[in-house]
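Report on the following structure.
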Amino acid sequence: MFKKLIEESTGKSPWLFHINAGSCNGCDIELVSVLTPRYDAERLGFKLAGTPRHADIVVVTGPVTQQSLNRVLRAIEQVPEPRCIVTMGSCPQSGNVFRGSYAIAGPLSKYVHVDVDVAGCTPKPEAVMDGLVLATKILQEKRRAMK
Amino acid sequence: MSAILLDALRYLGYILIFPGFLFCFLTGLLLCGIDRKLVARMQKRVGPPILQPFYDFFKLCGKETIVPATVTSKTVFLLAPLVGLASLVVLQLFIPIFSFRAFGAVADVIVILYLLLIPAVSVIMGGSVTGSPYAGVGLSREMVTILACELPLVLVLLSVAKTVGNALDTGLCFSLTQIAAFQAKYGSLILRPSMIPAAIAFLLIIPGETGNHPFDAAEAETEICEGMLAEYSGAPLGVYKLNHAVKMLTMTSLFIALFFGGIGTGIEQLAAAMGLTGGAAGMVVILLDVLVMFLLCVLTTAVGISFVHAVTARLKIEQIFKYYWTVVSGLALISLVLSWYGF
C-alpha cells in the first residue's frame with residue numbers, strides 16, 4: 001500500500017530544475033510563463049526547485065555549448081533517482097541555427113538519455129505543459145520500475 | 001499493575017496518535033495545503049490540490065537520499081530533521097485544545113519557548129554539516145530571524161502571564177493549564193482591550209517563526225536555493241517539509257490557546273444542550289474541541305500567513321530584525337505595560 005501511495009504521489013508532485021545550457025533566454029522566459037497565473041502549472045503540482053537535489057524533472061534549454069557541457073552533466077548527476085530529463089526548444093535537440101558551430105557540443109542526447117523533447121523556437125506554453133505532463137508519466141513509470 | 005499498563009498505553013496513544021504524531025502529520029500537512037490553495041486563489045490562480053503537501057511528502061519518501069561527499073557528520077545530517085519533528089510533536093502535546101489537555105500539568109510557557117527553538121536549531125545543525133555555501137548564508141540568516149522573533153514572543157507571553165497572574169493573584173502565571181482554565185472561567189483573553197496589541201504582535205510573529213513570506217530570508221528559494229535545505233534530498237527533505245507544516249499548526253494552535261481559550265466553555269454548553277451525559281458527552285466535547293480548534297487554526301493561517309504571503313514581497317534580513325524589534329516588540333510592550341498596571 002505504501003509503495004502504491006509513493007507511486008501515485010510521484011506523478012502528482014514533480015519539481016522542476018531548470019538548466020540554461022547557453023540558451024538565448026527565449027525558452028527560459030517561456031518556461032516561467034508556464035508557472036504564471038494564466039497557465040498555472042502549480043495546479044498539477046509543478047514547482048520550480050532551486051537546487052538539483054530537490055528536483056524530479058530537469059529542463060534543459062539552449063544548444064549545450066562546449067563551456068556548459070560538463071556543468072550540465074554534473075548538475076544532472078546531482079538529481080536523485082527517479083529523474084526525468086526534458087529538453088526544451090529546438091536547440092538541445094538538434095542544435096537549431098547553431099548546428100555545426102565549433103562552440104556547440106550538443107545535441108544533448110549524445111551524452112545522456114533524454115526522456116522528452118519539446119520542439120519549437122520557442123515552444124508554446126501549451127506544448128511545454130504537454131511535454132512536462134508526459135514527463136511526469138515517465139517519472140511514474142521509472143518509480144514503478146524501482147524495486 | 002494493569003492500571004499502570006493502561007496509563008502507559010494511554011500516554012503512548014497520546015504521543016503516537018491523537019495530539020501527537022499522526023494528528024500533527026495529518027492536520028499540519030492539511031493546513032499547509034489550505035495555505036497554498038488560499039495563496040493561489042488570492043493570486044487568481046487555480047492552485048494545487050489541497051492534498052498537495054501529502055503528495056510532496058510521499059514523493060520525497062520514494063526518492064533516493066543523496067548524502068553529499070562534503071557532509072562532515074552523516075549522523076547529524078540524517079538525524080537533524082527527526083529531532084526537529086520530535087520536538088514539535090512534544091510541543092503539540094503540551095498545547096491545550098480548549099478543555100482537552102494531554103500533558104497539561106507538566107509543562108508551562110517557558111518550556112514551549114525552549115521547544116520552539118529546537119526545530120530552528122536542528123535545521124541550522126543539519127545545514128551546517130553539509131558545508132554548502134548556500135547553507136552557510138541560510139543559517140546565519142536563520143539565527144538572526146530566531147533572535148528577531150524571540151524578543152517580541154517573550155514580551156507577548158509575559159503580558160499574557162501577567163494578565164492571568166493579576167486576576168488569579170499569583171503574580172506571573174506561566175502555567176498553560178491555568179491560562180486555559182482562567183479563560184474557560186472568565187472568557188477569552190482577546191476580549192480584554194489590553195491584550196489586543198499582544199494578539200496582533202503574536203499574529204505577526206507566526207510567519208516569522210514558521211519561515212513564511214515576507215520573513216523567509218533564511219529559506220529564500222529564488223535567492224539561496226532554500227538555504228540550509230540546499231543539499232538535502234529524499235526522505236530527510238520530506239521530514240523538513242513536514243516540520244514546516246507542523247510548525248504552522250503549532251504556532252496557530254498556540255495563538256488560539258493563548259487568546260481564544262474561552263470558546264471551550266461554549267462547546268461544553270453546546271454538548272450539555274444536546275442532552276449528552278457521561279462518556280458520550282466527553283467524546284463529543286473532545287471531537288468538537290478539535291474541530292473548532294482546527295477551523296480556528298485555518299482562519300488564523302488565512303489571516304496571519306496566506307494573506308500576508310499574497311500581499312508582500314520578501315524582506316531583507318536587517319529589515320526583518322528591525323521590524324520585529326521595533327513595531328512588533330512595541331505592540332507587545334504596550335500590552336505588557338497595560339497588563340502590569342492591571343488593565
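A note on labels: chains of the C-alpha cells are A, B, ... as shown, every chain counts residues from 1, and ligands are counted from 1 in their shown order.
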### Message
Show me, as a PyMOL selection string, the residues that have an atom within 6 Å of segment 23-34 of chain A when counting only C-alpha atoms, minus same-chain residues fewer than 5 positions from it.
### Response
chain A and resi 39+41+61-62+122+125
Any chance you can output those residues with C-alpha atoms as a compact mmCIF listing (two decimals), in the first residue's frame?
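Result went into selection-v4.txt, see below:
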# COMPACT_ATOMS: atom_id res chain seq x y z
CA TYR A 39 -1.25 28.60 -17.20
CA ALA A 41 1.43 24.64 -13.65
CA THR A 61 17.33 24.85 -22.64
CA GLY A 62 20.00 26.04 -25.06
CA THR A 122 10.40 28.79 -28.67
CA PRO A 125 3.43 27.23 -23.15
### Message
Please identify all residues of chain A having at least one atom at most 7 Å from any atom of chain B, considering only C-alpha atoms, and return them as a VMD selection string.
### Response
chain A and resid 5 to 6 9 to 10 12 to 13 37 40 42 to 45 50 to 51 53 to 54 80 to 82
### Query
Could you work out how far atom CA of Met251 of chain B lies from atom CA of Tyr11 of chain B, giving the answer in Å with one decimal?
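Separating atom CA of Tyr11 of chain B from atom CA of Met251 of chain B is a distance of 23.1 Å.
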### Task
Looking only at strand (DSSP E or B) from DSSP on the backbone, list the matching residues of segment 20-108 of chain A as a list in words.
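Everything in segment 20-108 of chain A that counts as strand (DSSP E or B) is Asn20, Lys47, Leu48, Ile57, Val58, Val59, Val60, Thr61, Thr65, Cys84, Ile85, Val86, Thr87, Met88 and Ile104 of chain A.
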Mind writing the picked residues with C-alpha atoms as a PDB file, in the first residue's frame?
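As written to disk, out.pdb reads:
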ATOM      1  CA  ASN A  20      20.372  27.037 -19.087  1.00  0.00           C
ATOM      2  CA  LYS A  47       7.169  23.652  -8.605  1.00  0.00           C
ATOM      3  CA  LEU A  48      10.435  25.281  -9.603  1.00  0.00           C
ATOM      4  CA  ILE A  57      12.455  16.732 -13.779  1.00  0.00           C
ATOM      5  CA  VAL A  58      15.434  18.523 -15.313  1.00  0.00           C
ATOM      6  CA  VAL A  59      14.529  21.015 -18.020  1.00  0.00           C
ATOM      7  CA  VAL A  60      17.451  21.844 -20.313  1.00  0.00           C
ATOM      8  CA  THR A  61      17.329  24.849 -22.638  1.00  0.00           C
ATOM      9  CA  THR A  65      27.780  24.805 -25.605  1.00  0.00           C
ATOM     10  CA  CYS A  84      13.446  12.689 -15.972  1.00  0.00           C
ATOM     11  CA  ILE A  85      15.265  14.852 -18.493  1.00  0.00           C
ATOM     12  CA  VAL A  86      13.252  17.176 -20.710  1.00  0.00           C
ATOM     13  CA  THR A  87      14.818  19.300 -23.428  1.00  0.00           C
ATOM     14  CA  MET A  88      13.002  22.487 -24.201  1.00  0.00           C
ATOM     15  CA  ILE A 104      28.424  23.598 -29.736  1.00  0.00           C
TER      16      ILE A 104
END
### Task
Please measure the separation of atom CA of Ile190 of chain B and atom CA of Leu315 of chain B, giving the value in Å to one decimal.
29.1 Å
### Query
Between atom CA of Trp325 of chain B and atom CA of Phe215 of chain B, what is the distance, to one decimal in Å?
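Taking atom CA of Trp325 of chain B as the start and atom CA of Phe215 of chain B as the end point, the length is 13.5 Å.
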#### Entry: Distance query Ala181 of chain B at most 9 Å, only C-alpha atoms, self and fewer than 6 positions along chain excluded, as a list in words
Phe98, Ser99, Gly261 and Gly262 of chain B
Keeping only N, CA and C atoms, write the selected residues as a JSON list (two decimals), in the first residue's frame.
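Listed below is the output, out.json:
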[["chain", "number", "residue", "atom", "x", "y", "z"],
["B", 98, "PHE", "N", -8.57, 23.59, 24.02],
["B", 98, "PHE", "CA", -9.67, 24.00, 24.89],
["B", 98, "PHE", "C", -9.67, 23.16, 26.16],
["B", 99, "SER", "N", -10.70, 22.35, 26.41],
["B", 99, "SER", "CA", -10.74, 21.63, 27.69],
["B", 99, "SER", "C", -9.86, 20.38, 27.66],
["B", 261, "GLY", "N", -9.07, 30.96, 24.26],
["B", 261, "GLY", "CA", -9.39, 29.79, 25.09],
["B", 261, "GLY", "C", -10.82, 29.75, 25.61],
["B", 262, "GLY", "N", -11.49, 30.92, 25.63],
["B", 262, "GLY", "CA", -12.83, 30.97, 26.20],
["B", 262, "GLY", "C", -13.89, 30.26, 25.39]]
### Who sits within 9 Å of Val71 of chain B, only C-alpha atoms, same chain under 5 positions skipped, as a PyMOL selection string
chain B and resi 77+128-132
### Task
Using backbone DSSP assignments, extract all helix (DSSP H, G or I) residues from segment 8-141 of chain A; output them as an MDAnalysis selection string.
chainID A and resid 8:12 26:34 41:44 52:54 66:77 91:94 96:98 108:110 125:141
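Here the question is which of B:Leu158, B:Leu296, B:Ala245, B:Ala135 gets nearest to Cys24 of chain B using only C-alpha atoms, and that residue is B:Ala245.
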### Query
Of the residues A:Val72, A:Leu139, A:Ala55, A:Cys121, which is the one nearest to Gly95 of chain A, using only C-alpha atoms?
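Of all the options, A:Cys121 lies closest to Gly95 of chain A.
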### Task
Write out as a PyMOL selection string which residues come within 9 Å of Gly208 of chain B when counting only C-alpha atoms, dropping same-chain ones fewer than 3 positions away.
chain B and resi 145-146+148-149+204-205+211-216+320+324
Saved selection, atoms kept: C-alpha atoms, as a PDB file, in the first residue's frame:
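Below is the file that was written, result_12.pdb:
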ATOM      1  CA  THR B 145      15.438  35.526  12.416  1.00  0.00           C
ATOM      2  CA  ILE B 146      15.269  33.484  15.636  1.00  0.00           C
ATOM      3  CA  ALA B 148      14.375  38.803  15.974  1.00  0.00           C
ATOM      4  CA  CYS B 149      11.292  36.716  16.829  1.00  0.00           C
ATOM      5  CA  LEU B 204       2.873  38.910  13.180  1.00  0.00           C
ATOM      6  CA  ILE B 205       5.324  36.539  14.887  1.00  0.00           C
ATOM      7  CA  GLY B 211       9.639  30.989   7.960  1.00  0.00           C
ATOM      8  CA  ASN B 212       6.848  32.155   5.683  1.00  0.00           C
ATOM      9  CA  HIS B 213       6.677  35.237   3.470  1.00  0.00           C
ATOM     10  CA  PRO B 214       7.771  38.017   3.947  1.00  0.00           C
ATOM     11  CA  PHE B 215      10.114  36.778   6.691  1.00  0.00           C
ATOM     12  CA  ASP B 216      11.622  33.835   4.765  1.00  0.00           C
ATOM     13  CA  ILE B 320      13.188  41.677   9.408  1.00  0.00           C
ATOM     14  CA  TYR B 324      10.458  42.720  14.889  1.00  0.00           C
TER      15      TYR B 324
END
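With only C-alpha atoms as the atoms that count, the residue of B:Leu153, B:Ile317, B:Leu299, B:Ile196 with the shortest distance to Ser140 of chain B is B:Ile317.
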